[in-house]
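As stored in data-v6.cif (mmCIF, C-alpha atoms):
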```cif
data_final
loop_
_atom_site.label_atom_id
_atom_site.label_comp_id
_atom_site.auth_asym_id
_atom_site.auth_seq_id
_atom_site.Cartn_x
_atom_site.Cartn_y
_atom_site.Cartn_z
CA MET A 233 133.82 300.12 137.79
CA SER A 234 130.30 300.39 136.41
CA GLN A 235 128.91 297.24 134.85
CA THR A 236 126.60 299.18 132.50
CA PRO A 237 128.82 298.78 129.37
CA PHE A 238 128.68 295.02 129.78
CA GLN A 239 124.95 294.62 130.18
CA LYS A 240 124.50 293.69 126.52
CA PHE A 241 126.55 290.55 127.12
CA THR A 242 124.32 289.39 129.96
CA VAL A 243 121.06 289.25 128.00
CA LYS A 244 122.14 286.31 125.86
CA LYS A 245 119.93 283.36 126.65
CA LYS A 246 121.45 280.14 127.92
CA ASN A 247 120.83 276.87 126.14
CA SER A 248 118.74 275.65 129.07
CA VAL A 249 116.45 278.69 128.76
CA ILE A 250 116.10 278.25 125.00
CA LYS A 251 115.31 274.55 125.45
CA GLU A 252 112.69 275.40 128.05
CA GLU A 253 111.03 277.90 125.69
CA ILE A 254 110.99 275.31 122.90
CA ARG A 255 109.51 272.75 125.30
CA GLN A 256 106.76 275.17 126.30
CA GLU A 257 106.00 275.97 122.65
CA LYS A 258 105.67 272.24 121.87
CA LYS A 259 103.41 271.83 124.87
CA THR A 260 101.19 274.68 123.67
CA TYR A 261 101.08 273.19 120.18
CA ARG A 262 100.02 269.80 121.52
CA LYS A 263 97.22 271.43 123.54
CA GLU A 264 95.96 273.33 120.49
CA ARG A 265 96.14 270.20 118.33
CA ASN A 266 94.24 268.12 120.89
CA ALA A 267 91.68 270.89 121.25
CA PHE A 268 91.15 270.92 117.46
CA PHE A 269 90.49 267.19 117.28
CA GLU A 270 88.24 267.30 120.35
CA LYS A 271 86.20 270.01 118.69
CA LYS A 272 86.00 268.01 115.48
CA LYS A 273 84.85 264.94 117.41
CA GLU A 274 82.13 266.96 119.10
CA GLU A 275 80.87 268.33 115.79
CA GLU A 276 80.73 264.82 114.30
CA TYR A 277 78.91 263.58 117.38
CA GLN A 278 76.32 266.34 117.14
CA ALA A 279 75.81 265.56 113.45
CA ARG A 280 75.28 261.85 114.21
CA MET A 281 72.81 262.63 116.99
CA ALA A 282 70.85 264.98 114.72
CA LYS A 283 70.76 262.35 111.99
CA LYS A 284 69.73 259.65 114.46
CA ASN A 285 66.80 261.74 115.63
CA GLY A 286 65.70 262.18 112.02
CA MET A 287 66.01 265.92 112.16
CA ALA A 288 68.62 266.69 109.55
CA PRO A 289 67.38 264.48 106.63
CA LYS A 290 63.73 265.41 107.04
CA ALA A 291 64.49 269.07 107.37
CA ALA A 292 66.75 268.95 104.32
CA ASP A 293 64.12 267.17 102.15
CA ASN A 294 61.28 269.48 103.12
CA ALA A 295 63.34 272.63 102.79
CA LYS A 296 64.54 272.20 99.19
CA GLY A 297 63.62 275.21 97.11
CA ASN A 298 61.90 276.91 100.04
CA PRO A 299 64.03 279.59 101.75
CA ALA A 300 61.67 279.85 104.72
CA ARG A 301 61.77 276.10 105.32
CA GLU A 302 65.55 276.06 104.84
CA GLU A 303 65.90 278.64 107.58
CA ALA A 304 63.51 276.71 109.84
CA ALA A 305 65.36 273.47 109.16
CA SER A 306 68.70 275.03 109.99
CA THR A 307 67.18 276.35 113.20
CA ARG A 308 65.83 272.93 114.20
CA THR A 309 69.14 271.19 113.53
CA THR A 310 70.94 273.59 115.86
CA PRO A 311 71.42 271.89 119.26
CA LYS A 312 69.32 273.41 122.01
CA PHE A 313 72.11 272.89 124.54
CA LYS A 314 75.68 274.05 124.78
CA PRO A 315 78.12 271.21 123.95
CA THR A 316 80.02 270.04 126.98
CA GLY A 317 82.94 268.69 124.98
CA GLY A 318 85.14 270.33 122.44
CA ALA A 319 87.64 273.08 122.93
CA ALA A 320 86.86 276.69 123.49
CA LYS A 321 89.11 279.40 122.18
CA THR A 322 92.13 280.24 124.28
CA PRO A 323 91.21 282.95 126.84
CA HIS A 324 93.34 286.09 126.73
CA THR A 325 91.74 288.72 128.95
CA LYS A 326 91.46 288.38 132.73
CA SER A 327 87.66 288.06 132.52
CA GLU A 328 87.95 285.29 129.90
CA LYS A 329 90.49 283.43 132.02
CA ALA A 330 88.30 283.71 135.09
CA LYS A 331 85.27 282.44 133.17
CA ALA A 332 87.25 279.56 131.68
CA ALA A 333 88.53 278.63 135.14
CA ASN A 334 85.00 278.71 136.52
CA ASP A 335 83.68 276.54 133.67
CA ASN A 336 86.36 273.95 134.41
CA ALA A 337 85.80 273.98 138.16
CA PRO A 338 85.37 270.54 139.72
CA THR A 339 81.84 269.46 140.51
CA GLY A 340 80.56 268.79 143.99
CA VAL A 341 81.63 270.56 147.15
CA MET A 342 84.92 271.08 148.95
CA PRO A 343 86.08 272.71 152.21
CA LEU A 344 86.58 276.47 151.97
CA ASN A 345 90.31 276.36 152.76
CA LYS A 346 90.85 273.71 150.06
CA PHE A 347 88.79 275.76 147.62
CA MET A 348 91.02 278.81 148.22
CA ALA A 349 94.13 276.69 147.67
CA HIS A 350 92.74 275.45 144.35
CA CYS A 351 92.05 279.06 143.40
CA GLY A 352 95.74 279.84 143.82
CA VAL A 353 95.31 282.23 146.75
CA CYS A 354 97.57 280.43 149.23
CA SER A 355 98.15 277.07 150.85
CA ARG A 356 95.35 275.37 152.81
CA ARG A 357 97.11 276.11 156.08
CA ASP A 358 97.44 279.82 155.31
CA ALA A 359 93.85 279.86 154.07
CA VAL A 360 92.67 278.82 157.54
CA THR A 361 94.21 281.99 158.98
CA LEU A 362 92.63 284.20 156.32
CA ILE A 363 89.22 282.63 156.91
CA THR A 364 89.25 282.73 160.71
CA THR A 365 90.27 286.40 160.66
CA GLY A 366 87.19 287.26 158.58
CA LYS A 367 88.87 288.14 155.28
CA VAL A 368 86.70 285.87 153.14
CA LYS A 369 83.05 286.32 152.15
CA ILE A 370 80.60 283.73 150.83
CA ASN A 371 77.51 285.07 149.09
CA GLY A 372 78.07 288.46 150.72
CA THR A 373 78.47 287.10 154.27
CA VAL A 374 81.77 286.92 156.16
CA ALA A 375 82.88 283.28 156.54
CA THR A 376 84.90 282.19 159.56
CA GLU A 377 84.68 278.40 159.25
CA PRO A 378 87.50 276.81 157.16
CA GLY A 379 85.52 273.58 156.84
CA TYR A 380 82.49 275.23 155.22
CA LYS A 381 81.50 273.19 152.16
CA VAL A 382 81.67 275.43 149.11
CA LYS A 383 79.03 274.61 146.48
CA GLU A 384 79.17 275.40 142.78
CA THR A 385 76.53 278.09 143.22
CA ASP A 386 78.44 279.89 146.02
CA GLU A 387 80.21 283.16 145.33
CA VAL A 388 83.49 283.32 147.28
CA VAL A 389 85.18 286.71 147.53
CA PHE A 390 88.65 287.54 148.87
CA ASN A 391 90.19 291.02 148.81
CA GLY A 392 87.20 292.24 146.82
CA LYS A 393 87.71 289.70 144.02
CA LYS A 394 85.61 286.66 143.20
CA LEU A 395 87.58 283.42 143.32
CA PHE A 396 87.59 280.77 140.61
CA VAL A 397 89.24 277.37 140.73
CA THR A 398 92.28 277.41 138.47
CA LYS A 399 93.14 274.59 136.09
CA ASN A 400 96.33 276.14 134.73
CA LEU A 401 98.82 274.80 137.27
CA VAL A 402 102.25 276.41 137.32
CA TYR A 403 105.47 275.16 138.95
CA ILE A 404 108.47 277.49 139.15
CA LEU A 405 111.88 276.93 140.73
CA LEU A 406 113.63 280.13 141.83
CA ASN A 407 117.23 280.59 142.99
CA LYS A 408 116.39 283.17 145.63
CA PRO A 409 118.93 285.91 146.39
CA LYS A 410 119.32 287.74 149.70
CA ASP A 411 117.22 290.78 150.61
CA TYR A 412 114.00 289.33 149.17
CA ILE A 413 111.17 288.12 151.39
CA THR A 414 109.01 285.08 150.61
CA THR A 415 105.58 286.67 150.90
CA THR A 416 103.08 287.58 148.20
CA ASP A 417 103.07 291.21 149.31
CA ASP A 418 104.67 293.36 151.99
CA PRO A 419 103.06 296.39 153.69
CA GLN A 420 106.53 297.81 154.34
CA GLY A 421 107.32 297.89 150.63
CA ARG A 422 110.26 295.48 150.77
CA LYS A 423 111.25 293.41 147.75
CA THR A 424 109.42 290.08 147.38
CA VAL A 425 110.25 286.93 145.44
CA LEU A 426 107.19 287.47 143.24
CA GLN A 427 108.92 290.46 141.69
CA LEU A 428 111.62 288.12 140.39
CA ILE A 429 109.15 285.83 138.56
CA GLN A 430 106.58 288.37 137.39
CA LYS A 431 107.33 287.51 133.75
CA ALA A 432 106.99 283.77 134.34
CA THR A 433 103.21 283.56 134.60
CA THR A 434 100.00 285.55 134.85
CA GLU A 435 98.62 283.04 137.36
CA ARG A 436 98.72 283.85 141.06
CA VAL A 437 101.42 281.63 142.56
CA TYR A 438 102.81 281.52 146.09
CA PRO A 439 105.98 280.09 147.68
CA ILE A 440 105.99 276.68 149.36
CA GLY A 441 107.65 277.12 152.71
CA ARG A 442 109.67 280.17 153.58
CA LEU A 443 113.24 281.37 153.34
CA ASP A 444 113.98 284.37 155.53
CA ARG A 445 115.26 287.60 154.04
CA ASN A 446 118.95 286.77 154.47
CA THR A 447 118.70 283.16 153.25
CA SER A 448 119.27 282.31 149.60
CA GLY A 449 118.78 279.22 147.46
CA VAL A 450 116.11 276.87 146.14
CA LEU A 451 112.51 278.08 146.45
CA LEU A 452 109.47 276.50 144.80
CA LEU A 453 106.46 278.60 143.79
CA THR A 454 103.16 277.17 142.53
CA ASN A 455 99.39 277.52 142.52
CA ASP A 456 98.90 273.78 143.15
CA GLY A 457 97.19 273.68 146.53
CA ASP A 458 97.38 269.90 146.94
CA LEU A 459 101.13 269.83 146.31
CA THR A 460 101.66 272.75 148.67
CA GLN A 461 99.78 270.92 151.40
CA LYS A 462 101.84 267.79 150.88
CA LEU A 463 105.26 269.43 150.83
CA SER A 464 104.40 271.55 153.86
CA HIS A 465 103.09 268.69 156.00
CA PRO A 466 105.61 267.29 158.53
CA SER A 467 104.48 263.69 157.97
CA TYR A 468 106.05 263.62 154.49
CA GLU A 469 109.50 264.52 155.90
CA ILE A 470 110.60 266.54 152.89
CA LYS A 471 114.39 266.75 152.73
CA LYS A 472 116.22 270.08 152.75
CA ILE A 473 120.00 270.59 152.43
CA TYR A 474 121.72 273.83 153.42
CA GLU A 475 125.24 275.21 153.17
CA VAL A 476 126.05 277.25 156.27
CA LYS A 477 128.84 279.80 156.61
CA LEU A 478 129.77 280.42 160.27
CA ASP A 479 131.78 283.21 161.86
CA LYS A 480 134.32 280.63 163.12
CA PRO A 481 135.18 276.94 162.61
CA LEU A 482 132.69 274.46 164.05
CA ALA A 483 134.34 272.65 166.98
CA LYS A 484 134.29 268.87 166.99
CA ALA A 485 132.44 268.80 170.33
CA ASP A 486 129.68 271.04 168.95
CA PHE A 487 129.60 268.95 165.76
CA GLU A 488 128.83 265.86 167.85
CA LYS A 489 126.21 267.72 169.90
CA ILE A 490 124.30 268.61 166.75
CA VAL A 491 124.48 265.03 165.44
CA LYS A 492 123.17 263.63 168.75
CA GLY A 493 120.33 266.16 168.88
CA LEU A 494 119.83 269.53 170.51
CA LYS A 495 117.07 270.71 172.79
CA LEU A 496 115.89 274.18 171.76
CA GLU A 497 113.28 276.40 173.35
CA ASP A 498 110.54 274.86 171.21
CA GLY A 499 111.62 271.24 171.61
CA GLU A 500 114.28 268.80 170.49
CA VAL A 501 115.66 268.93 166.98
CA ASN A 502 117.53 266.21 165.10
CA VAL A 503 119.43 266.57 161.85
CA ASP A 504 119.56 263.87 159.20
CA SER A 505 123.15 264.52 158.22
CA LEU A 506 126.01 266.91 159.04
CA ALA A 507 129.40 267.36 157.37
CA TYR A 508 132.19 269.83 156.75
CA ALA A 509 131.60 271.14 153.24
CA ASP A 510 135.26 272.16 152.88
CA SER A 511 138.01 270.09 154.51
CA LYS A 512 140.27 273.18 154.62
CA ASP A 513 137.64 275.52 156.05
CA LYS A 514 135.63 274.06 158.91
CA SER A 515 133.46 277.15 159.17
CA ILE A 516 131.52 275.98 156.09
CA ILE A 517 129.03 273.27 157.02
CA GLY A 518 126.62 271.13 155.04
CA ILE A 519 123.45 270.15 156.93
CA GLU A 520 120.51 267.98 155.89
CA ILE A 521 117.26 268.32 157.80
CA HIS A 522 113.56 267.68 157.23
CA SER A 523 112.16 269.84 160.02
CA GLY A 524 110.13 272.81 158.81
CA ARG A 525 110.30 274.83 162.01
CA ASN A 526 110.93 278.55 161.70
CA ARG A 527 114.61 279.54 161.26
CA ILE A 528 115.61 276.10 162.53
CA VAL A 529 119.07 275.96 160.92
CA ARG A 530 120.10 279.37 162.19
CA ARG A 531 118.81 278.59 165.69
CA ILE A 532 120.79 275.33 165.84
CA PHE A 533 124.10 277.11 165.43
CA GLU A 534 123.12 280.22 167.39
CA HIS A 535 122.21 277.92 170.29
CA LEU A 536 125.87 276.83 170.41
CA GLY A 537 127.27 280.35 170.21
CA TYR A 538 127.91 280.69 166.48
CA ASP A 539 126.90 283.55 164.23
CA VAL A 540 125.55 282.47 160.84
CA LYS A 541 127.15 284.72 158.22
CA GLY A 542 125.59 283.00 155.23
CA LEU A 543 122.84 280.43 154.65
CA ASP A 544 122.05 278.89 151.28
CA ARG A 545 119.52 276.14 150.54
CA VAL A 546 121.08 273.92 147.89
CA MET A 547 118.33 271.28 147.75
CA TYR A 548 114.60 271.16 148.46
CA ALA A 549 112.86 267.79 148.06
CA ASN A 550 114.49 266.50 144.86
CA LEU A 551 115.10 269.98 143.41
CA THR A 552 118.47 271.73 143.16
CA LYS A 553 119.56 275.09 141.78
CA LYS A 554 121.82 273.49 139.17
CA ASN A 555 121.98 275.61 135.99
CA VAL A 556 119.85 278.32 137.63
CA GLU A 557 121.77 281.49 138.38
CA ARG A 558 121.03 283.61 141.43
CA SER A 559 117.80 285.61 141.00
CA LYS A 560 116.84 283.46 137.98
CA TRP A 561 114.05 280.88 137.62
CA ARG A 562 112.89 277.99 135.47
CA TYR A 563 109.79 275.86 135.05
CA LEU A 564 109.76 272.35 136.50
CA SER A 565 109.77 269.49 134.03
CA ASP A 566 106.88 267.00 133.91
CA LYS A 567 109.15 264.37 135.44
CA GLU A 568 110.07 266.64 138.36
CA ILE A 569 106.41 267.39 139.02
CA ARG A 570 105.51 263.69 139.06
CA LEU A 571 108.35 262.93 141.48
CA LEU A 572 107.22 265.69 143.81
CA LYS A 573 103.61 264.51 143.83
CA TYR A 574 104.51 260.91 144.68
CA MET A 575 107.45 261.69 146.97
CA ASN A 576 107.41 259.91 150.34
CA ALA A 577 103.79 258.84 149.79
CA SER A 578 104.34 255.81 152.06
CA LYS A 579 105.11 258.14 155.00
CA LYS A 580 101.69 259.77 155.01
CA LYS A 581 99.97 259.26 158.32
#
```
Would it be possible to restate this file's structure as structure tokens?
Amino acid sequence: MSQTPFQKFTVKKKNSVIKEEIRQEKKTYRKERNAFFEKKKEEEYQARMAKKNGMAPKAADNAKGNPAREEAASTRTTPKFKPTGGAAKTPHTKSEKAKAANDNAPTGVMPLNKFMAHCGVCSRRDAVTLITTGKVKINGTVATEPGYKVKETDEVVFNGKKLFVTKNLVYILLNKPKDYITTTDDPQGRKTVLQLIQKATTERVYPIGRLDRNTSGVLLLTNDGDLTQKLSHPSYEIKKIYEVKLDKPLAKADFEKIVKGLKLEDGEVNVDSLAYADSKDKSIIGIEIHSGRNRIVRRIFEHLGYDVKGLDRVMYANLTKKNVERSKWRYLSDKEIRLLKYMNASKKK
């Protein structure tokens, strides 16, 4: 039966979505309020500096009753430099956003791959590949060295577009469905996870880690290059929990083999925890692992002769898909972002 007649019942927003919208509105209001007071402070500061230099009083006294002098006085009291403080108006167009991002870019120099991560292009690790394959230009010349120190005066171009360091960091949790790939674009025209969150942000975000096309569950997308680097690095041992559906019950002997550790074609793999998710159905397994190797969970069971019928990631780091329906997304809270940034900091090598 067609579900079309019932579509009007599915558009009702959940309380969690409404709360998130209210939270974002409050956050925007606080930013605008702070910007107003910063601007006011800057204007008061400029007035004090003008008065201290004796410009404003003298100009005012000499200009009384003389329109020409009044105009000259007003010209002299205008600062000859652009204020560094205060708040500019909120950018709306793409060019305004790019300019604002460039104005807020950090001073000094940074490696090219780190610069690209801060611009929201990709992670530092993926940036190395883009750079070494000659897809990035600096001041019109192809750059192939990821460690090149980018200066403020350098013009970095990727895919024909000039890059600017972004200050508007975005963190999105997606409950990924099957049949979507975790890449920013696909030459074959397949569906990507970015299509599911296209209304979430205008910033260029990218997925941290990968879930293959037939794997569902928790996926984090962001334009925070530093966080991406941390969560992707093996030394931090970021925890991942999966629910696996096998084509047959997992035998006790194979269960013990997995717990003890298996030797695959690319080396030994150890799981952190293994359990039957359903006591009545031993073909459904819960597995906790921190390895980030490609298709590692599927390969563990395929190595023992099992066919993985379904694979769902129920936890990534400290994030779960609770209250997030399949194909839906939500923004991370400030608390979740802080926990991610300081997670397993003691394990850094």
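A straight line drawn from atom CA of Arg255 of chain A to atom CA of Thr433 of chain A is 15.6 Å long.
With distances restricted to all atoms listed in the file, A:Arg357 is the closest residue to Lys462 of chain A from A:Arg357, A:Arg562, A:Lys259, A:Lys251.
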Practice problem: Choose the residue, out of A:Tyr403, A:Tyr508, A:Phe396, A:Tyr474, that has the smallest atom-to-atom separation from Ile521 of chain A; count only C-alpha atoms. | Solution: A:Tyr474
Practice problem: Please evaluate the PyMOL selection byres ((chain A and resi 381-395) around 8) against the displayed coordinates and give the resulting residues as a list in words. | Solution: Thr339, Gly340, Val341, Met342, Pro343, Leu344, Phe347, Met348, Cys351, Lys367, Val368, Lys369, Ile370, Asn371, Gly372, Gly379, Tyr380, Phe396 and Val397 of chain A
Self-check item: Explicit residues for the PyMOL selection byres ((chain A and resi 565) around 12) (as a PyMOL selection string)
Solution: chain A and resi 248+251-253+255-256+259+402-405+551+562-564+566-572
Practice problem: Name every residue that the PyMOL selection byres ((chain A and resi 428) around 12) selects in this structure, writing the answer as a VMD selection string with chains first and numbers rising. | Solution: chain A and resid 404 to 409 411 to 414 416 423 to 427 429 to 433 451 453 558 to 562
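Proximity of A:Ala507, A:Ala279, A:Val450, A:Ala483 to Asn555 of chain A, computed with all atoms listed in the file, is greatest for A:Val450.
Across the model, the gap from atom CA of Ile516 of chain A to atom CA of Phe533 of chain A is 12.0 Å.
Of the residues listed (A:Asp544, A:Glu264, A:Glu276, A:Asp458), A:Asp544 shows the shortest atom-to-atom separation from Asn446 of chain A; distances use all atoms listed in the file.
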Quiz item: Do you have the atom CA of Asn345 of chain A-atom CA of Pro378 of chain A distance handy?
Solution: 5.2 Å
Quiz item: Could you name the residues that touch Thr364 of chain A at 7 Å or less, counting all atoms listed in the file, but leaving out those on the same chain fewer than 4 positions away, as a PyMOL selection string?
Solution: chain A and resi 360+376-377
How big is the axis-aligned box, and where does its centre sit, when it encloses all atoms of segment 507-513 of chain A listed in the file and has 4 Å added on every side, reported in Å to one decimal as AutoDock Vina command-line options?
```
--center_x 134.8 --center_y 271.4 --center_z 155.1 --size_x 18.9 --size_y 16.2 --size_z 12.5
```
Practice problem: Give me the residues within 12 Å of Glu497 of chain A as a VMD selection string, counting only C-alpha atoms and dropping any in the same chain fewer than 3 places off. | Solution: chain A and resid 494 500 to 501 525 528 531 to 532 535
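For the set A:Thr260, A:Pro481, A:Asn400, A:Val476, the residue with the smallest atom-to-atom gap to Lys512 of chain A is A:Pro481, counting all atoms listed in the file.
Candidate residues A:Met575, A:Leu401, A:Leu443, A:Leu543 were compared for distance to His350 of chain A, and the nearest is A:Leu401, using all atoms listed in the file.
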Practice problem: List the neighbours of Gly457 of chain A out to 7 Å using only C-alpha atoms; skip same-chain residues closer than 5 positions along the sequence, and give me the result as a PyMOL selection string. | Solution: chain A and resi 349-350+352+355-356
